[in-house]
$ cat my_file.cif   # mmCIF, C-alpha atoms
data_upload
loop_
_atom_site.label_atom_id
_atom_site.label_comp_id
_atom_site.auth_asym_id
_atom_site.auth_seq_id
_atom_site.Cartn_x
_atom_site.Cartn_y
_atom_site.Cartn_z
CA MET A 1 2.50 -27.55 22.41
CA THR A 2 -0.66 -26.17 20.85
CA LYS A 3 -0.56 -24.61 17.45
CA LEU A 4 -0.80 -20.83 17.13
CA LEU A 5 -3.81 -20.23 14.87
CA GLY A 6 -2.37 -22.22 11.97
CA ASP A 7 -1.60 -25.64 10.67
CA THR A 8 2.00 -25.13 9.65
CA ARG A 9 5.03 -23.20 10.76
CA SER A 10 4.86 -20.95 7.70
CA GLU A 11 1.21 -20.09 8.46
CA ARG A 12 2.19 -19.12 12.02
CA ILE A 13 4.99 -16.91 10.70
CA TYR A 14 2.63 -15.35 8.14
CA ARG A 15 0.07 -14.63 10.87
CA VAL A 16 2.64 -13.00 13.17
CA LEU A 17 3.79 -10.82 10.26
CA MET A 18 0.17 -10.12 9.32
CA PHE A 19 -0.70 -8.88 12.82
CA ALA A 20 2.53 -6.86 13.10
CA SER A 21 1.96 -5.18 9.73
CA ALA A 22 -1.70 -4.52 10.61
CA ALA A 23 -0.54 -2.82 13.81
CA VAL A 24 1.85 -0.61 11.81
CA VAL A 25 -0.93 0.30 9.33
CA ILE A 26 -3.34 1.17 12.15
CA PHE A 27 -0.72 3.18 14.05
CA LEU A 28 0.30 5.19 10.97
CA ALA A 29 -3.33 5.77 9.95
CA LEU A 30 -4.18 7.08 13.43
CA TYR A 31 -1.03 9.21 13.43
CA ALA A 32 -2.00 10.65 10.03
CA VAL A 33 -5.57 11.46 11.05
CA PHE A 34 -4.79 13.00 14.44
CA GLY A 35 -1.62 14.72 13.22
CA THR A 36 -3.46 16.28 10.29
CA LEU A 37 -6.18 17.57 12.59
CA TYR A 38 -3.65 18.91 15.11
CA PHE A 39 -1.08 20.43 12.72
CA GLY A 40 -3.56 21.40 9.99
CA TYR A 41 -1.82 19.88 6.97
CA GLU A 42 -3.50 20.91 3.74
CA ALA A 43 -2.85 17.88 1.51
CA VAL A 44 -4.02 14.33 2.15
CA GLY A 45 -1.08 12.21 3.30
CA GLU A 46 1.34 15.12 3.62
CA ILE A 47 1.93 14.39 7.31
CA LEU A 48 3.45 11.02 6.31
CA VAL A 49 5.91 12.74 3.95
CA ALA A 50 7.02 16.10 5.33
CA LEU A 51 7.23 17.99 8.60
CA PRO A 52 5.05 21.10 9.09
CA THR A 53 8.12 23.15 8.06
CA GLY A 54 8.23 21.38 4.66
CA ASP A 55 11.41 19.49 5.53
CA PRO A 56 11.49 15.76 4.73
CA PHE A 57 10.19 13.48 7.48
CA GLU A 58 12.22 10.29 7.84
CA PHE A 59 11.97 7.69 10.57
CA PRO A 60 14.16 6.82 12.25
CA GLY A 61 16.30 9.81 11.43
CA PRO A 62 19.38 9.09 9.28
CA GLU A 63 21.58 10.38 12.09
CA TYR A 64 20.28 7.62 14.39
CA PHE A 65 20.08 4.52 12.20
CA PRO A 66 21.38 3.58 8.73
CA ILE A 67 18.00 2.19 7.61
CA TYR A 68 15.41 4.94 7.47
CA ALA A 69 12.43 5.96 5.37
CA LYS A 70 9.48 8.28 5.28
CA PRO A 71 6.45 7.10 7.26
CA VAL A 72 4.58 6.77 3.94
CA THR A 73 7.20 4.23 2.83
CA TRP A 74 6.77 2.25 6.08
CA LEU A 75 3.00 2.40 5.44
CA TYR A 76 3.51 1.10 1.89
CA ILE A 77 5.64 -1.79 3.17
CA ALA A 78 3.15 -2.62 5.93
CA ILE A 79 0.14 -2.58 3.59
CA ILE A 80 1.61 -4.94 1.00
CA THR A 81 3.09 -7.17 3.72
CA PHE A 82 -0.31 -7.38 5.40
CA TRP A 83 -2.10 -8.33 2.19
CA PHE A 84 0.48 -10.94 1.15
CA THR A 85 0.57 -12.57 4.60
CA PHE A 86 -3.23 -12.44 4.92
CA LEU A 87 -3.74 -14.29 1.65
CA GLU A 88 -1.00 -16.82 2.34
CA SER A 89 -2.01 -17.53 5.93
CA TYR A 90 -5.67 -18.13 4.97
CA ARG A 91 -4.89 -19.91 1.70
CA GLY A 92 -6.46 -23.19 2.85
CA ARG A 93 -9.73 -21.54 3.80
CA LEU A 94 -9.82 -19.37 0.69
CA SER A 95 -9.28 -22.40 -1.53
CA ARG A 96 -12.54 -23.87 -0.22
CA LEU A 97 -14.63 -20.89 -1.37
CA PRO A 98 -17.23 -21.63 -4.05
CA LEU A 99 -16.08 -21.16 -7.63
CA GLY A 100 -18.52 -18.26 -8.09
CA ALA A 101 -16.97 -16.34 -5.20
CA ILE A 102 -13.49 -16.97 -6.60
CA ASN A 103 -14.60 -15.66 -10.00
CA VAL A 104 -16.08 -12.51 -8.42
CA GLY A 105 -12.79 -12.02 -6.53
CA LYS A 106 -10.86 -12.38 -9.77
CA LEU A 107 -13.06 -9.78 -11.49
CA LEU A 108 -12.71 -7.36 -8.56
CA ALA A 109 -8.93 -7.80 -8.46
CA PHE A 110 -8.72 -7.11 -12.18
CA VAL A 111 -10.92 -3.98 -12.00
CA VAL A 112 -9.03 -2.64 -8.97
CA ALA A 113 -5.69 -3.29 -10.74
CA ALA A 114 -6.90 -1.36 -13.79
CA ILE A 115 -8.09 1.62 -11.71
CA ALA A 116 -5.02 1.69 -9.45
CA GLY A 117 -2.69 1.32 -12.44
CA TYR A 118 -4.28 4.35 -14.06
CA GLU A 119 -3.99 6.35 -10.81
CA VAL A 120 -0.31 5.46 -10.47
CA TYR A 121 0.36 6.60 -14.03
CA PHE A 122 -1.75 9.77 -13.58
CA ASN A 123 -0.07 10.78 -10.30
CA PHE A 124 3.47 10.06 -11.55
CA THR A 125 2.77 12.16 -14.65
CA ILE A 126 1.57 15.12 -12.58
CA TRP A 127 4.46 14.67 -10.15
CA GLY A 128 7.06 14.69 -12.94
CA SER A 129 5.48 17.75 -14.52
CA LEU A 130 5.44 19.67 -11.24
CA MET A 131 9.06 18.70 -10.50
CA THR A 132 10.03 20.00 -13.95
CA PHE A 133 8.24 23.26 -13.17
CA GLN A 134 10.10 23.46 -9.84
CA ALA A 135 13.44 22.77 -11.58
CA ILE A 136 12.81 25.63 -14.01
CA ARG A 137 12.21 27.90 -11.01
CA GLY A 138 15.47 26.71 -9.43
CA THR A 139 14.37 24.52 -6.50
CA ILE A 140 13.15 20.96 -6.35
CA ASN A 141 11.29 19.55 -3.35
CA PRO A 142 9.10 16.62 -4.44
CA ASP A 143 7.79 16.14 -0.88
CA VAL A 144 5.57 19.23 -0.95
CA LEU A 145 3.97 18.74 -4.37
CA ALA A 146 0.24 18.05 -4.40
CA ASN A 147 -2.45 17.13 -6.91
CA ILE A 148 -5.33 19.60 -6.58
CA PHE A 149 -7.43 17.93 -9.28
CA PRO A 150 -10.42 17.38 -9.21
CA ASN A 151 -11.06 19.11 -5.86
CA PRO A 152 -8.75 21.99 -4.88
CA GLN A 153 -10.25 21.88 -1.36
CA THR A 154 -8.76 18.39 -0.85
CA PRO A 155 -5.37 18.11 -2.57
CA TRP A 156 -3.37 14.88 -2.35
CA ASN A 157 0.34 14.90 -1.59
CA LEU A 158 1.92 13.21 -4.61
CA VAL A 159 4.47 11.16 -2.66
CA PHE A 160 1.58 9.76 -0.62
CA ALA A 161 -0.73 9.30 -3.62
CA THR A 162 1.82 7.41 -5.72
CA LYS A 163 2.74 5.05 -2.88
CA PHE A 164 -0.88 4.57 -1.82
CA PHE A 165 -2.09 3.68 -5.30
CA SER A 166 1.06 1.66 -6.02
CA SER A 167 0.30 -0.48 -2.96
CA ILE A 168 -3.26 -1.05 -4.18
CA PHE A 169 -1.93 -1.94 -7.63
CA VAL A 170 0.58 -4.43 -6.19
CA MET A 171 -2.08 -5.96 -3.92
CA SER A 172 -4.54 -6.42 -6.76
CA LEU A 173 -1.91 -7.96 -9.04
CA TYR A 174 -0.89 -10.38 -6.32
CA SER A 175 -4.56 -11.16 -5.72
CA LEU A 176 -4.99 -12.05 -9.39
CA TYR A 177 -1.93 -14.30 -9.24
CA PHE A 178 -3.14 -15.86 -5.99
CA ILE A 179 -6.63 -16.56 -7.37
CA MET A 180 -5.26 -18.10 -10.57
CA ARG A 181 -2.96 -20.27 -8.44
CA LEU A 182 -5.98 -21.40 -6.40
CA GLU A 183 -7.84 -22.25 -9.60
CA ARG A 184 -4.91 -24.32 -10.90
CA GLU A 185 -4.69 -26.21 -7.62
CA ARG A 186 -8.42 -26.99 -7.66
CA LYS A 187 -8.53 -28.40 -11.17
CA PRO A 188 -7.77 -32.10 -11.43
CA LEU A 189 -4.78 -33.01 -13.57
CA PRO A 190 -5.69 -34.54 -16.96
CA PRO A 191 -5.04 -38.26 -17.29
CA ALA A 192 -1.59 -39.13 -18.63
#
$ encode --input "my_file.cif" --output "structure tokens"
Amino acid sequence: MTKLLGDTRSERIYRVLMFASAAVVIFLALYAVFGTLYFGYEAVGEILVALPTGDPFEFPGPEYFPIYAKPVTWLYIAIITFWFTFLESYRGRLSRLPLGAINVGKLLAFVVAAIAGYEVYFNFTIWGSLMTFQAIRGTINPDVLANIFPNPQTPWNLVFATKFFSSIFVMSLYSLYFIMRLERERKPLPPA
């Protein structure tokens, strides 16, 4: 039997998961773009969080299956699964990259982690403040809260923003770990 794109069983499993998670990411991205254009959502990512009525959007519905989540949560899971399985399935090839390319990758992963970490903190701070404001007014619905800064014409749904930037943060941290693991594996062990 011929091998399916990989050298080992784990690489084949990683690749199957990588392609499946990529399909989920592409499907949800297309759904978000076309749904936003069709329904006219105002905030970026809101279609993956709430229905046009403002009610929570969960898939599959809790009345149909005991495991359910918002589409933005499925997107979060698919994005980090894709990145993990991509790195692990191509580990052999990535380990053969020149040291300069690995160092550039390490710098990029660090910078992206710093930026995404700030965005996560920033969006969670705004989200908590807006939920407090809602609580004072007597109703709390975190699904409809949006960050209008810095461009009120393009607000970001805060559920979407926190999960989106959290996924980037997790991916960049894993990338740093992955690159440092590659560096350790490349260095010869000192003589005993």
$ residues_around --input "my_file.cif" --residues "range 144-156 of chain A" --least-positions-apart "3" --cutoff "7 Å" --atoms "only C-alpha atoms" --output "ChimeraX atom specification"
/A:43-45,54,141,161
$ closest_residue --input "my_file.cif" --among "A:Asn103, A:Asn157, A:Thr139, A:Ser166" --to "Tyr121 in chain A" --atoms "all atoms listed in the file"
A:Ser166
$ atom_distance --input "my_file.cif" --atom1 "CA of Met171 in chain A" --atom2 "CA of Gly117 in chain A"
11.2 Å
$ residues_around --input "my_file.cif" --residues "Glu183 in chain A" --least-positions-apart "6" --cutoff "9 Å" --atoms "only C-alpha atoms" --output "list in words"
Ser95, Leu99 and Ile102 of chain A
$ atom_distance --input "my_file.cif" --atom1 "CA of Gly92 in chain A" --atom2 "CA of Val111 in chain A"
24.7 Å
$ resolve_selection --input "my_file.cif" --expression "the PyMOL selection byres ((chain A and resi 75) around 9)" --output "ChimeraX atom specification"
/A:21,24-25,28-29,48,70-74,76-80,163-164
$ residues_around --input "my_file.cif" --residues "Met180 in chain A" --least-positions-apart "2" --cutoff "12 Å" --atoms "only C-alpha atoms" --output "list in words"
Ser95, Leu99, Ile102, Asn103, Gly105, Lys106, Leu107, Ala109, Phe110, Leu173, Tyr174, Ser175, Leu176, Tyr177, Phe178, Leu182, Glu183, Arg184, Glu185, Arg186 and Lys187 of chain A
$ atom_distance --input "my_file.cif" --atom1 "CA of Ala116 in chain A" --atom2 "CA of Phe84 in chain A"
17.4 Å
$ closest_residue --input "my_file.cif" --among "A:Tyr38, A:Trp83, A:Tyr68, A:Tyr118" --to "Thr162 in chain A" --atoms "only C-alpha atoms"
A:Tyr118
$ closest_residue --input "my_file.cif" --among "A:Phe133, A:Glu88, A:Glu58, A:Phe65" --to "Arg12 in chain A" --atoms "only C-alpha atoms"
A:Glu88
$ closest_residue --input "my_file.cif" --among "A:Pro62, A:Gly128, A:Gly40, A:Pro98" --to "Ile140 in chain A" --atoms "all atoms listed in the file"
A:Gly128
$ resolve_selection --input "my_file.cif" --expression "the PyMOL selection byres ((chain A and resi 16) around 12)" --output "JSON, numbers by chain"
{"A": [4, 5, 6, 9, 10, 11, 12, 13, 14, 15, 17, 18, 19, 20, 21, 22, 23, 81, 82, 85, 86, 89]}
$ closest_residue --input "my_file.cif" --among "A:Ile136, A:Val33, A:Phe27, A:Ala69" --to "Val49 in chain A" --atoms "only C-alpha atoms"
A:Ala69
$ decode --input "my_file.cif" --residues "range 41-74 of chain A" --atoms "N, CA and C atoms" --output "mmCIF file, in the first residue's frame"
data_model
loop_
_atom_site.group_PDB
_atom_site.id
_atom_site.type_symbol
_atom_site.label_atom_id
_atom_site.label_comp_id
_atom_site.auth_asym_id
_atom_site.auth_seq_id
_atom_site.Cartn_x
_atom_site.Cartn_y
_atom_site.Cartn_z
ATOM 1 N N TYR A 41 -24.965 42.468 8.138
ATOM 2 C CA TYR A 41 -24.461 42.639 9.501
ATOM 3 C C TYR A 41 -23.561 43.869 9.556
ATOM 4 N N GLU A 42 -23.583 44.558 10.675
ATOM 5 C CA GLU A 42 -22.805 45.783 10.800
ATOM 6 C C GLU A 42 -21.395 45.556 11.315
ATOM 7 N N ALA A 43 -21.209 44.573 12.206
ATOM 8 C CA ALA A 43 -19.901 44.359 12.831
ATOM 9 C C ALA A 43 -19.186 43.172 12.190
ATOM 10 N N VAL A 44 -17.892 43.301 12.053
ATOM 11 C CA VAL A 44 -17.064 42.221 11.513
ATOM 12 C C VAL A 44 -17.195 41.002 12.419
ATOM 13 N N GLY A 45 -17.520 39.858 11.834
ATOM 14 C CA GLY A 45 -17.597 38.611 12.577
ATOM 15 C C GLY A 45 -18.907 38.364 13.302
ATOM 16 N N GLU A 46 -19.810 39.323 13.279
ATOM 17 C CA GLU A 46 -21.061 39.174 14.019
ATOM 18 C C GLU A 46 -21.904 38.008 13.509
ATOM 19 N N ILE A 47 -21.824 37.708 12.224
ATOM 20 C CA ILE A 47 -22.602 36.612 11.648
ATOM 21 C C ILE A 47 -22.195 35.259 12.232
ATOM 22 N N LEU A 48 -20.962 35.150 12.741
ATOM 23 C CA LEU A 48 -20.484 33.910 13.344
ATOM 24 C C LEU A 48 -20.833 33.807 14.833
ATOM 25 N N VAL A 49 -21.534 34.822 15.347
ATOM 26 C CA VAL A 49 -21.841 34.884 16.773
ATOM 27 C C VAL A 49 -23.341 34.932 17.044
ATOM 28 N N ALA A 50 -24.054 35.754 16.282
ATOM 29 C CA ALA A 50 -25.473 35.976 16.560
ATOM 30 C C ALA A 50 -26.289 35.944 15.272
ATOM 31 N N LEU A 51 -27.555 35.609 15.425
ATOM 32 C CA LEU A 51 -28.492 35.641 14.306
ATOM 33 C C LEU A 51 -28.867 37.089 14.007
ATOM 34 N N PRO A 52 -29.448 37.378 12.845
ATOM 35 C CA PRO A 52 -29.843 38.760 12.544
ATOM 36 C C PRO A 52 -30.778 39.359 13.597
ATOM 37 N N THR A 53 -31.493 38.524 14.341
ATOM 38 C CA THR A 53 -32.391 39.005 15.394
ATOM 39 C C THR A 53 -31.642 39.402 16.662
ATOM 40 N N GLY A 54 -30.348 39.052 16.748
ATOM 41 C CA GLY A 54 -29.560 39.314 17.962
ATOM 42 C C GLY A 54 -29.506 38.126 18.897
ATOM 43 N N ASP A 55 -30.276 37.080 18.591
ATOM 44 C CA ASP A 55 -30.234 35.865 19.408
ATOM 45 C C ASP A 55 -28.918 35.126 19.172
ATOM 46 N N PRO A 56 -28.459 34.368 20.163
ATOM 47 C CA PRO A 56 -27.221 33.598 19.982
ATOM 48 C C PRO A 56 -27.357 32.586 18.841
ATOM 49 N N PHE A 57 -26.269 32.390 18.119
ATOM 50 C CA PHE A 57 -26.232 31.427 17.024
ATOM 51 C C PHE A 57 -25.334 30.275 17.457
ATOM 52 N N GLU A 58 -25.917 29.107 17.640
ATOM 53 C CA GLU A 58 -25.154 27.928 18.055
ATOM 54 C C GLU A 58 -25.408 26.800 17.076
ATOM 55 N N PHE A 59 -24.351 26.062 16.781
ATOM 56 C CA PHE A 59 -24.454 24.975 15.810
ATOM 57 C C PHE A 59 -23.748 23.737 16.344
ATOM 58 N N PRO A 60 -24.316 22.578 16.240
ATOM 59 C CA PRO A 60 -25.745 22.391 16.003
ATOM 60 C C PRO A 60 -26.525 22.924 17.192
ATOM 61 N N GLY A 61 -27.781 23.147 17.021
ATOM 62 C CA GLY A 61 -28.593 23.697 18.107
ATOM 63 C C GLY A 61 -28.594 22.783 19.320
ATOM 64 N N PRO A 62 -28.641 23.357 20.523
ATOM 65 C CA PRO A 62 -28.622 22.535 21.741
ATOM 66 C C PRO A 62 -29.786 21.558 21.830
ATOM 67 N N GLU A 63 -30.864 21.844 21.125
ATOM 68 C CA GLU A 63 -32.001 20.923 21.148
ATOM 69 C C GLU A 63 -31.766 19.691 20.281
ATOM 70 N N TYR A 64 -30.728 19.740 19.416
ATOM 71 C CA TYR A 64 -30.451 18.619 18.515
ATOM 72 C C TYR A 64 -29.287 17.744 18.957
ATOM 73 N N PHE A 65 -28.297 18.337 19.626
ATOM 74 C CA PHE A 65 -27.090 17.597 19.960
ATOM 75 C C PHE A 65 -26.488 18.178 21.235
ATOM 76 N N PRO A 66 -25.942 17.348 22.118
ATOM 77 C CA PRO A 66 -25.423 17.873 23.387
ATOM 78 C C PRO A 66 -24.121 18.667 23.254
ATOM 79 N N ILE A 67 -23.411 18.494 22.155
ATOM 80 C CA ILE A 67 -22.173 19.258 21.940
ATOM 81 C C ILE A 67 -22.469 20.305 20.877
ATOM 82 N N TYR A 68 -22.446 21.568 21.282
ATOM 83 C CA TYR A 68 -22.761 22.648 20.360
ATOM 84 C C TYR A 68 -21.904 23.854 20.703
ATOM 85 N N ALA A 69 -21.749 24.736 19.733
ATOM 86 C CA ALA A 69 -20.971 25.955 19.950
ATOM 87 C C ALA A 69 -21.332 26.969 18.879
ATOM 88 N N LYS A 70 -20.905 28.178 19.100
ATOM 89 C CA LYS A 70 -21.093 29.215 18.093
ATOM 90 C C LYS A 70 -20.152 28.918 16.911
ATOM 91 N N PRO A 71 -20.544 29.311 15.707
ATOM 92 C CA PRO A 71 -19.648 29.108 14.567
ATOM 93 C C PRO A 71 -18.259 29.724 14.783
ATOM 94 N N VAL A 72 -18.182 30.836 15.521
ATOM 95 C CA VAL A 72 -16.881 31.445 15.782
ATOM 96 C C VAL A 72 -16.006 30.523 16.635
ATOM 97 N N THR A 73 -16.620 29.738 17.501
ATOM 98 C CA THR A 73 -15.860 28.780 18.303
ATOM 99 C C THR A 73 -15.360 27.640 17.435
ATOM 100 N N TRP A 74 -16.221 27.150 16.515
ATOM 101 C CA TRP A 74 -15.767 26.115 15.569
ATOM 102 C C TRP A 74 -14.638 26.658 14.703
#
